[in-house]
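Undergrad: Input structure: input08.txt, which contains compact mmCIF, C-alpha atoms and all ligand atoms.
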```txt
# COMPACT_ATOMS: atom_id res chain seq x y z
CA MET A 1 113.21 109.70 139.82
CA LYS A 2 113.31 106.31 138.13
CA ARG A 3 114.70 106.24 134.60
CA THR A 4 111.42 104.77 133.37
CA ASP A 5 109.45 107.74 134.77
CA ILE A 6 111.37 110.19 132.63
CA VAL A 7 109.83 111.35 129.36
CA ASP A 8 112.91 111.78 127.21
CA LEU A 9 112.19 114.06 124.25
CA ARG A 10 115.78 115.30 123.79
CA SER A 11 116.34 113.43 120.54
CA ASP A 12 115.37 110.37 118.53
CA THR A 13 118.88 109.09 119.33
CA VAL A 14 117.92 108.18 122.92
CA THR A 15 116.07 104.97 122.04
CA ARG A 16 117.40 101.73 123.45
CA PRO A 17 117.52 98.48 121.47
CA THR A 18 114.43 96.31 121.82
CA PRO A 19 114.77 92.68 123.01
CA ALA A 20 114.21 91.46 119.44
CA MET A 21 116.91 93.78 118.13
CA LEU A 22 119.34 92.58 120.82
CA GLU A 23 118.58 89.03 119.81
CA ALA A 24 119.38 89.81 116.17
CA MET A 25 122.66 91.35 117.35
CA MET A 26 123.55 88.27 119.39
CA ARG A 27 122.86 85.99 116.46
CA ALA A 28 124.92 88.06 113.99
CA GLU A 29 127.59 86.28 112.01
CA VAL A 30 130.74 88.38 112.20
CA GLY A 31 134.20 88.67 110.66
CA ASP A 32 136.72 91.50 110.54
CA ASP A 33 135.27 94.44 108.66
CA VAL A 34 138.58 96.31 108.33
CA LEU A 35 139.73 93.26 106.41
CA GLY A 36 136.43 93.34 104.53
CA ASP A 37 134.98 89.97 105.55
CA ASP A 38 132.27 90.69 108.08
CA PRO A 39 129.23 89.19 106.35
CA THR A 40 126.67 91.15 108.38
CA VAL A 41 128.34 94.50 107.65
CA LEU A 42 128.47 93.56 103.96
CA ALA A 43 124.78 92.65 104.07
CA LEU A 44 123.85 95.98 105.68
CA GLN A 45 125.93 97.97 103.20
CA ASN A 46 124.26 96.16 100.28
CA LYS A 47 120.83 96.66 101.75
CA VAL A 48 121.34 100.40 102.20
CA ALA A 49 122.92 100.79 98.75
CA GLN A 50 119.92 99.01 97.21
CA LEU A 51 117.39 101.06 99.14
CA LEU A 52 119.10 104.20 97.86
CA GLY A 53 119.67 102.92 94.33
CA LYS A 54 123.45 103.32 94.62
CA GLU A 55 126.27 100.96 93.65
CA ALA A 56 127.82 100.65 97.10
CA GLY A 57 127.42 101.49 100.77
CA LEU A 58 129.73 101.97 103.74
CA PHE A 59 128.91 101.42 107.42
CA VAL A 60 130.41 104.08 109.72
CA PRO A 61 130.14 104.79 113.46
CA SER A 62 128.22 108.09 113.30
CA GLY A 63 126.36 110.55 111.11
CA THR A 64 129.06 113.11 111.71
CA MET A 65 131.71 110.76 110.38
CA ALA A 66 129.48 109.87 107.42
CA ASN A 67 129.10 113.52 106.41
CA GLN A 68 132.73 114.43 106.97
CA ILE A 69 134.03 111.41 105.06
CA ALA A 70 131.75 112.39 102.18
CA VAL A 71 132.95 116.00 102.22
CA ARG A 72 136.57 114.87 102.44
CA ALA A 73 136.08 112.45 99.55
CA HIS A 74 134.44 115.08 97.31
CA THR A 75 136.92 117.92 97.91
CA GLU A 76 140.47 119.03 98.50
CA ALA A 77 141.77 121.60 100.98
CA GLY A 78 140.79 125.14 99.99
CA ASP A 79 137.65 124.14 98.11
CA GLU A 80 134.36 125.76 98.96
CA ILE A 81 131.12 123.98 99.72
CA ILE A 82 127.63 125.50 99.79
CA LEU A 83 125.14 124.66 102.49
CA GLU A 84 122.30 126.14 104.49
CA ALA A 85 123.44 128.39 107.34
CA ASP A 86 121.98 126.18 110.09
CA GLY A 87 123.10 122.94 108.47
CA HIS A 88 124.18 120.18 110.83
CA THR A 89 127.40 119.57 108.88
CA PHE A 90 128.45 123.15 109.58
CA LEU A 91 126.89 123.85 112.96
CA PHE A 92 127.03 120.63 114.96
CA GLU A 93 130.04 118.72 113.70
CA THR A 94 132.62 120.48 115.87
CA GLY A 95 134.19 122.50 113.07
CA ALA A 96 135.23 119.37 111.18
CA LEU A 97 134.67 121.03 107.79
CA ALA A 98 137.60 123.32 108.59
CA GLY A 99 139.46 121.15 111.10
CA VAL A 100 139.35 117.83 109.32
CA CYS A 101 138.41 118.52 105.69
CA GLY A 102 140.13 121.88 105.20
CA VAL A 103 137.23 123.29 103.20
CA GLN A 104 135.48 126.60 103.60
CA ALA A 105 131.74 126.80 103.91
CA GLN A 106 129.59 129.30 102.11
CA LEU A 107 126.48 129.55 104.24
CA LEU A 108 123.19 130.60 102.69
CA PRO A 109 120.18 131.52 104.83
CA GLY A 110 117.24 129.21 104.16
CA LYS A 111 113.54 129.37 104.91
CA ARG A 112 112.94 126.67 107.49
CA GLY A 113 116.17 125.10 106.23
CA LEU A 114 115.25 125.18 102.52
CA LEU A 115 117.41 126.93 99.92
CA THR A 116 116.20 127.85 96.45
CA ALA A 117 117.96 126.86 93.23
CA ASP A 118 118.51 130.57 92.34
CA GLN A 119 120.09 131.28 95.70
CA ILE A 120 122.52 128.40 95.23
CA GLU A 121 123.30 129.34 91.65
CA ARG A 122 124.21 132.88 92.73
CA GLY A 123 126.56 131.39 95.34
CA ILE A 124 128.58 129.28 92.93
CA ARG A 125 132.10 130.56 92.32
CA GLY A 126 134.85 129.60 89.95
CA GLY A 127 136.72 130.69 86.89
CA ASP A 128 139.03 133.33 88.33
CA TYR A 129 141.78 131.60 90.30
CA HIS A 130 141.49 134.14 93.15
CA LEU A 131 138.20 132.50 94.06
CA PRO A 132 137.74 129.28 96.02
CA PRO A 133 136.21 126.77 93.62
CA THR A 134 132.75 125.56 94.62
CA LYS A 135 132.91 121.76 94.66
CA LEU A 136 129.96 120.52 96.65
CA ILE A 137 126.39 121.38 97.63
CA ILE A 138 124.95 119.79 100.77
CA LEU A 139 121.22 119.52 101.37
CA GLU A 140 119.87 118.28 104.70
CA ASN A 141 116.74 116.13 104.57
CA THR A 142 114.87 116.43 106.84
CA HIS A 143 116.38 119.70 107.98
CA ASN A 144 116.94 119.55 111.73
CA GLN A 145 117.21 123.23 112.73
CA GLY A 146 114.71 124.10 110.03
CA GLY A 147 112.10 122.17 112.04
CA GLY A 148 112.29 118.63 110.67
CA THR A 149 111.49 120.14 107.28
CA VAL A 150 111.09 117.82 104.29
CA GLN A 151 112.97 118.98 101.18
CA PRO A 152 110.33 118.87 98.41
CA LEU A 153 111.60 116.51 95.68
CA SER A 154 110.76 119.08 92.99
CA LEU A 155 112.99 121.64 94.74
CA VAL A 156 115.82 119.11 95.02
CA GLN A 157 115.45 118.41 91.27
CA GLU A 158 115.71 122.12 90.46
CA ILE A 159 118.88 122.39 92.57
CA ARG A 160 120.21 119.27 90.84
CA GLY A 161 119.76 121.04 87.51
CA VAL A 162 121.94 123.91 88.71
CA ALA A 163 124.60 121.52 90.05
CA LEU A 164 124.73 119.59 86.78
CA ARG A 165 125.01 122.79 84.75
CA HIS A 166 128.03 123.84 86.82
CA GLY A 167 129.60 120.41 87.28
CA ILE A 168 129.25 120.47 91.07
CA ALA A 169 128.63 117.36 93.19
CA MET A 170 125.75 117.05 95.64
CA HIS A 171 125.68 115.32 99.02
CA MET A 172 122.54 114.68 101.03
CA ASP A 173 122.78 114.73 104.81
CA GLY A 174 119.98 112.22 105.16
CA ALA A 175 120.32 111.54 108.88
CA ARG A 176 116.50 111.67 108.84
CA LEU A 177 115.92 110.80 105.18
CA TRP A 178 113.63 107.97 106.32
CA ASN A 179 111.38 110.51 108.02
CA ALA A 180 111.34 112.67 104.88
CA CYS A 181 110.29 109.64 102.79
CA VAL A 182 107.58 108.47 105.18
CA ALA A 183 106.18 112.02 105.40
CA SER A 184 106.30 112.80 101.67
CA GLY A 185 105.52 109.39 100.20
CA LYS A 186 108.68 109.64 98.05
CA SER A 187 111.10 106.72 98.04
CA PRO A 188 114.67 106.92 99.33
CA LYS A 189 115.75 106.13 95.74
CA GLU A 190 113.90 109.10 94.28
CA TYR A 191 115.75 111.45 96.59
CA ALA A 192 119.10 109.67 96.39
CA SER A 193 119.07 109.72 92.56
CA GLN A 194 119.63 113.49 92.75
CA PHE A 195 122.89 113.17 94.71
CA GLU A 196 126.38 111.74 94.18
CA SER A 197 126.47 110.69 97.82
CA VAL A 198 124.01 110.22 100.65
CA SER A 199 124.46 109.70 104.38
CA VAL A 200 121.75 108.07 106.48
CA CYS A 201 121.46 107.35 110.21
CA LEU A 202 120.38 104.05 111.71
CA SER A 203 120.59 105.34 115.28
CA LYS A 204 117.92 108.06 115.06
CA GLY A 205 114.28 107.26 114.32
CA LEU A 206 115.09 103.68 113.31
CA GLY A 207 116.27 102.95 116.83
CA ALA A 208 119.60 101.16 116.29
CA PRO A 209 122.15 101.82 119.05
CA VAL A 210 125.00 102.90 116.75
CA GLY A 211 125.71 103.62 113.14
CA SER A 212 125.24 105.44 109.88
CA CYS A 213 125.85 104.58 106.25
CA ILE A 214 127.18 106.40 103.22
CA ALA A 215 126.13 105.41 99.72
CA GLY A 216 127.51 106.28 96.29
CA THR A 217 129.34 104.82 93.31
CA LYS A 218 131.80 101.96 93.84
CA ALA A 219 134.72 104.31 93.16
CA PHE A 220 133.41 106.91 95.61
CA ILE A 221 132.86 104.33 98.35
CA ALA A 222 136.35 102.87 97.81
CA ARG A 223 137.75 106.37 98.41
CA ALA A 224 135.40 106.89 101.38
CA ARG A 225 136.59 103.60 102.89
CA ARG A 226 140.14 104.91 102.97
CA PHE A 227 139.00 108.08 104.78
CA ARG A 228 136.91 106.01 107.20
CA LYS A 229 140.12 104.27 108.23
CA MET A 230 142.02 107.56 108.36
CA PHE A 231 139.35 109.09 110.64
CA GLY A 232 139.55 106.10 112.99
CA GLY A 233 136.22 104.62 111.95
CA GLY A 234 137.41 101.19 110.81
CA MET A 235 135.71 98.67 113.12
CA ARG A 236 136.28 94.95 113.47
CA GLN A 237 133.41 92.62 114.53
CA SER A 238 131.01 95.43 113.69
CA GLY A 239 128.50 92.93 112.31
CA ILE A 240 127.02 92.98 115.82
CA LEU A 241 126.14 96.64 115.26
CA ALA A 242 125.23 96.18 111.60
CA ALA A 243 122.73 93.49 112.64
CA ALA A 244 120.88 96.11 114.68
CA GLY A 245 120.81 98.35 111.60
CA ILE A 246 119.37 95.58 109.42
CA TYR A 247 116.78 94.79 112.06
CA ALA A 248 115.89 98.48 112.35
CA LEU A 249 115.40 98.89 108.60
CA ASP A 250 113.22 95.76 108.46
CA HIS A 251 111.09 96.48 111.51
CA HIS A 252 111.17 100.15 112.44
CA TYR A 253 110.85 101.96 109.12
CA GLU A 254 107.07 101.88 108.62
CA ARG A 255 106.38 102.86 112.21
CA LEU A 256 108.06 106.25 111.74
CA LYS A 257 104.62 107.47 110.74
CA GLU A 258 103.55 106.93 114.36
CA ASP A 259 106.31 109.31 115.46
CA HIS A 260 104.97 111.88 113.01
CA GLU A 261 101.39 111.42 114.22
CA ASN A 262 102.60 111.73 117.81
CA ALA A 263 104.50 114.92 116.98
CA LYS A 264 101.38 116.43 115.39
CA TYR A 265 99.29 115.40 118.39
CA PHE A 266 101.84 116.93 120.77
CA ALA A 267 101.98 120.15 118.74
CA ARG A 268 98.18 120.44 118.59
CA GLU A 269 97.87 119.99 122.34
CA LEU A 270 100.68 122.47 122.96
CA SER A 271 98.92 125.05 120.79
CA HIS A 272 95.98 124.97 123.23
CA ILE A 273 98.17 125.86 126.22
CA LYS A 274 98.13 129.54 127.09
CA ASN A 275 101.54 131.21 126.63
CA VAL A 276 102.92 128.42 124.47
CA GLN A 277 104.03 129.69 121.07
CA ILE A 278 103.93 127.21 118.24
CA ASP A 279 102.84 127.02 114.61
CA ILE A 280 101.44 123.53 114.20
CA ASN A 281 101.79 123.79 110.40
CA ASP A 282 105.57 123.76 110.87
CA VAL A 283 105.47 120.23 112.27
CA GLU A 284 106.09 117.99 109.25
CA THR A 285 107.88 115.03 110.82
CA ASN A 286 109.06 114.14 114.35
CA LEU A 287 110.57 117.43 115.55
CA VAL A 288 108.46 119.92 117.52
CA TYR A 289 109.87 123.36 118.24
CA PHE A 290 107.99 125.67 120.60
CA GLY A 291 108.49 128.71 122.81
CA VAL A 292 106.98 129.95 126.07
CA GLU A 293 106.07 133.60 126.22
CA GLY A 294 108.23 135.57 128.65
CA ARG A 295 110.52 132.62 129.36
CA THR A 296 113.89 131.70 127.94
CA PRO A 297 114.30 128.26 126.35
CA LYS A 298 116.93 127.48 129.01
CA TRP A 299 114.37 128.20 131.75
CA VAL A 300 111.86 125.91 130.10
CA GLU A 301 114.47 123.17 129.68
CA GLU A 302 115.53 123.39 133.35
CA GLN A 303 112.04 123.57 134.81
CA LEU A 304 110.95 120.55 132.81
CA HIS A 305 114.14 118.62 133.51
CA GLU A 306 113.57 118.90 137.26
CA ARG A 307 110.15 117.38 136.73
CA GLY A 308 111.33 114.48 134.59
CA VAL A 309 110.54 115.85 131.14
CA TRP A 310 113.70 116.16 129.12
CA LEU A 311 114.12 118.29 126.03
CA PHE A 312 116.66 120.79 124.73
CA ALA A 313 116.75 124.57 124.36
CA GLU A 314 117.70 124.55 120.68
CA ARG A 315 116.89 127.91 119.15
CA PRO A 316 117.16 131.48 120.56
CA ASN A 317 113.45 131.45 121.46
CA GLU A 318 112.47 127.83 121.34
CA VAL A 319 112.97 124.38 122.78
CA ARG A 320 112.83 121.21 120.71
CA ALA A 321 110.92 118.04 121.56
CA VAL A 322 111.46 114.91 119.47
CA THR A 323 109.12 111.93 119.20
CA HIS A 324 110.56 108.44 118.78
CA LEU A 325 110.21 104.70 119.34
CA ASP A 326 110.53 104.95 123.13
CA VAL A 327 107.85 107.56 123.76
CA ASP A 328 104.11 106.89 123.51
CA ARG A 329 100.94 108.98 123.88
CA ALA A 330 100.88 108.39 127.63
CA GLY A 331 104.40 109.81 127.87
CA LEU A 332 103.44 112.78 125.74
CA ASP A 333 100.36 113.39 127.90
CA ARG A 334 102.61 113.38 130.96
CA ALA A 335 104.92 115.88 129.25
CA LEU A 336 101.95 118.10 128.32
CA GLU A 337 100.66 118.07 131.91
CA THR A 338 104.11 119.10 133.16
CA ILE A 339 104.32 121.90 130.61
CA ARG A 340 100.88 123.15 131.71
CA THR A 341 102.17 123.22 135.30
CA ILE A 342 105.30 125.25 134.60
CA VAL A 343 103.71 127.85 132.32
CA ARG A 344 100.82 128.47 134.71
C1 LIG B 1 122.15 113.67 114.07
C2 LIG B 1 122.50 114.26 112.79
C3 LIG B 1 123.73 114.02 112.18
C4 LIG B 1 124.86 113.18 112.75
O1 LIG B 1 124.71 112.64 113.92
P1 LIG B 1 125.70 111.81 114.84
O2 LIG B 1 125.27 112.22 116.18
O3 LIG B 1 127.09 112.17 114.53
O4 LIG B 1 125.41 110.38 114.54
C5 LIG B 1 123.95 114.58 110.95
N1 LIG B 1 123.03 115.35 110.36
C6 LIG B 1 121.84 115.61 110.92
C7 LIG B 1 120.85 116.44 110.19
C8 LIG B 1 121.53 115.08 112.16
O5 LIG B 1 120.35 115.36 112.71
```
Go ahead and render the structure in this file as structure tokens.
Ligand SMILES: *Cc1c(COP(=O)(O)O)cnc(C)c1O
TA:
Amino acid sequence: MKRTDIVDLRSDTVTRPTPAMLEAMMRAEVGDDVLGDDPTVLALQNKVAQLLGKEAGLFVPSGTMANQIAVRAHTEAGDEIILEADGHTFLFETGALAGVCGVQAQLLPGKRGLLTADQIERGIRGGDYHLPPTKLIILENTHNQGGGTVQPLSLVQEIRGVALRHGIAMHMDGARLWNACVASGKSPKEYASQFESVSVCLSKGLGAPVGSCIAGTKAFIARARRFRKMFGGGMRQSGILAAAGIYALDHHYERLKEDHENAKYFARELSHIKNVQIDINDVETNLVYFGVEGRTPKWVEEQLHERGVWLFAERPNEVRAVTHLDVDRAGLDRALETIRTIVR
């Protein structure tokens, strides 16, 4: 099967750079970013910091590194951090919280990835020196395993109140913050103002080939820059990559709403297929989770893969399909037809 015949719904990371993006990359003015003089990296970092209303930004190779640098910069070994039990930082970052940062995670079960302020407040420890001090709260927005769930700004503000009362920092894993903003109508700044640090991905819905950014105060980013180097994330002529990120922010942000409309369309059509289990109200952004009655997610993944429709078995009873820049309605219709065939 030709690559172009495959409908790839595994993730919004699978997009390839457009010709215009490649051109922007080729034209990028570069320097040596470890030495701090790559003008395109500096421009991207400023742009992201401004978008998020923060003093400074830092370009890093991946979302995982962005989150782990932030955790490392906020904590010391033996500290405790609070996050949702299915949070990416805990579940999908290869144990880096323990292995790299030396922190312990207190996991709280959320509803579709959302924690309440009360729940978090009950989890906060401190005082007695037998206890690990709680130093950081991480919220994921949108929440991946939760279903692409948008954190309501009012909920984030309530949690912020708790954090301030207890003197605990907050980090947002905003790999898909852009999706949360497009879906909710809130600005990146409104969300970011509730957090000491924010990580965002350029290589998911925005369609850049590589890269994430962290934003925070100047002092925090100076500390983060040291850990970026320590973790092996200092890059040299990375302006070539940063140029793709700038292009993506300028040209691919508004269109995220198309991904959301496509996800809703896909979910609606799926809900009409006999034996497909889905709640279309759960589809808030670009992630669509669904199950097939009497079939394991692995079976669904394999059957579809053979027929050129790629997605992942992600939950115990469900597979996940993700809409993005490189999949259109025609592709989704092809995927739907294939799903109808295998569930028949
Ligand atoms: C994808 C993702 C990340 C990090 O991704 P990388 O693959 O390391 O770039 C972090 N958090 C969430 C919620 C994600 O979906």
Undergrad: Produce as a PDB file with C-alpha atoms, keeping the file's coordinate frame the set of residues near ligand LIG 1 (chain B), where near means within 8 Å with all atoms listed in the file considered.
TA:
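Saved as selection-v6.pdb:
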```
ATOM      1  CA  THR A  13     118.880 109.090 119.330  1.00  0.00           C
ATOM      2  CA  PRO A  61     130.140 104.790 113.460  1.00  0.00           C
ATOM      3  CA  SER A  62     128.220 108.090 113.300  1.00  0.00           C
ATOM      4  CA  GLY A  63     126.360 110.550 111.110  1.00  0.00           C
ATOM      5  CA  THR A  64     129.060 113.110 111.710  1.00  0.00           C
ATOM      6  CA  MET A  65     131.710 110.760 110.380  1.00  0.00           C
ATOM      7  CA  ALA A  66     129.480 109.870 107.420  1.00  0.00           C
ATOM      8  CA  ASN A  67     129.100 113.520 106.410  1.00  0.00           C
ATOM      9  CA  GLY A  87     123.100 122.940 108.470  1.00  0.00           C
ATOM     10  CA  HIS A  88     124.180 120.180 110.830  1.00  0.00           C
ATOM     11  CA  THR A  89     127.400 119.570 108.880  1.00  0.00           C
ATOM     12  CA  PHE A  92     127.030 120.630 114.960  1.00  0.00           C
ATOM     13  CA  GLU A  93     130.040 118.720 113.700  1.00  0.00           C
ATOM     14  CA  GLU A 140     119.870 118.280 104.700  1.00  0.00           C
ATOM     15  CA  ASN A 141     116.740 116.130 104.570  1.00  0.00           C
ATOM     16  CA  THR A 142     114.870 116.430 106.840  1.00  0.00           C
ATOM     17  CA  HIS A 143     116.380 119.700 107.980  1.00  0.00           C
ATOM     18  CA  ASN A 144     116.940 119.550 111.730  1.00  0.00           C
ATOM     19  CA  ASP A 173     122.780 114.730 104.810  1.00  0.00           C
ATOM     20  CA  GLY A 174     119.980 112.220 105.160  1.00  0.00           C
ATOM     21  CA  ALA A 175     120.320 111.540 108.880  1.00  0.00           C
ATOM     22  CA  ARG A 176     116.500 111.670 108.840  1.00  0.00           C
ATOM     23  CA  CYS A 201     121.460 107.350 110.210  1.00  0.00           C
ATOM     24  CA  SER A 203     120.590 105.340 115.280  1.00  0.00           C
ATOM     25  CA  LYS A 204     117.920 108.060 115.060  1.00  0.00           C
ATOM     26  CA  VAL A 210     125.000 102.900 116.750  1.00  0.00           C
ATOM     27  CA  GLY A 211     125.710 103.620 113.140  1.00  0.00           C
ATOM     28  CA  SER A 212     125.240 105.440 109.880  1.00  0.00           C
TER      29      SER A 212
END
```
Undergrad: Rank nothing, just name the residue among A:Phe227, A:Tyr253, A:Phe266, A:Trp310 nearest to Val283 (chain A), using only C-alpha atoms.
TA: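 Answer, going by the shortest atom-to-atom distance: A:Phe266.
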Undergrad: If the box runs along x, y and z of the file and leaves 5 Å on each side of region 182-192 of chain A, what are its centre and edge lengths in Å, one decimal, as AutoDock Vina command-line options?
TA:
```
--center_x 112.3 --center_y 109.5 --center_z 99.8 --size_x 23.6 --size_y 16.7 --size_z 21.1
```
Undergrad: If you take all atoms listed in the file and a cut-off of 7 Å, which residues of region 141-260 of chain A touch region 116-136 of chain A, and what are their nearest atom pairs and distances in Å to one decimal, in chain and number order, as JSON lines?
TA:
```
{"residue": "A:Glu158", "atom": "CA", "partner": "A:Ala117", "partner_atom": "CA", "distance": 5.9}
{"residue": "A:Ile159", "atom": "CA", "partner": "A:Ala117", "partner_atom": "CA", "distance": 4.6}
{"residue": "A:Val162", "atom": "CA", "partner": "A:Glu121", "partner_atom": "CA", "distance": 6.3}
{"residue": "A:Ile168", "atom": "CA", "partner": "A:Lys135", "partner_atom": "CA", "distance": 5.3}
{"residue": "A:Ala169", "atom": "CA", "partner": "A:Leu136", "partner_atom": "CA", "distance": 4.9}
{"residue": "A:Met170", "atom": "CA", "partner": "A:Leu136", "partner_atom": "CA", "distance": 5.5}
```
Undergrad: Write to file, as a PDB file, keeping the file's coordinate frame, the residues of the selection just made, with C-alpha atoms.
TA:
```pdb
ATOM      1  CA  GLU A 158     115.710 122.120  90.460  1.00  0.00           C
ATOM      2  CA  ILE A 159     118.880 122.390  92.570  1.00  0.00           C
ATOM      3  CA  VAL A 162     121.940 123.910  88.710  1.00  0.00           C
ATOM      4  CA  ILE A 168     129.250 120.470  91.070  1.00  0.00           C
ATOM      5  CA  ALA A 169     128.630 117.360  93.190  1.00  0.00           C
ATOM      6  CA  MET A 170     125.750 117.050  95.640  1.00  0.00           C
TER       7      MET A 170
END
```
Undergrad: Around the point (109.9, 112.5, 112.3), in the coordinates given by the file, pick out the residues reaching within 7 Å, counting all atoms listed in the file, and return them as a list in words.
TA: Gly148, Asn179, Leu256, Asp259, His260, Thr285, Asn286, Leu287 and Thr323 of chain A
Undergrad: Which residues are close to Leu139 (chain A), i.e. within 9 Å by all atoms listed in the file, leaving aside same-chain residues fewer than 5 positions away? Reply as a list in words.
TA: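 In the requested format, the answer is Ile82, Leu83, Glu84, Gly87, Gly113, Leu114, Leu115, Gln151, Val156, Met170, His171, Met172, Asp173 and Gly174 of chain A.
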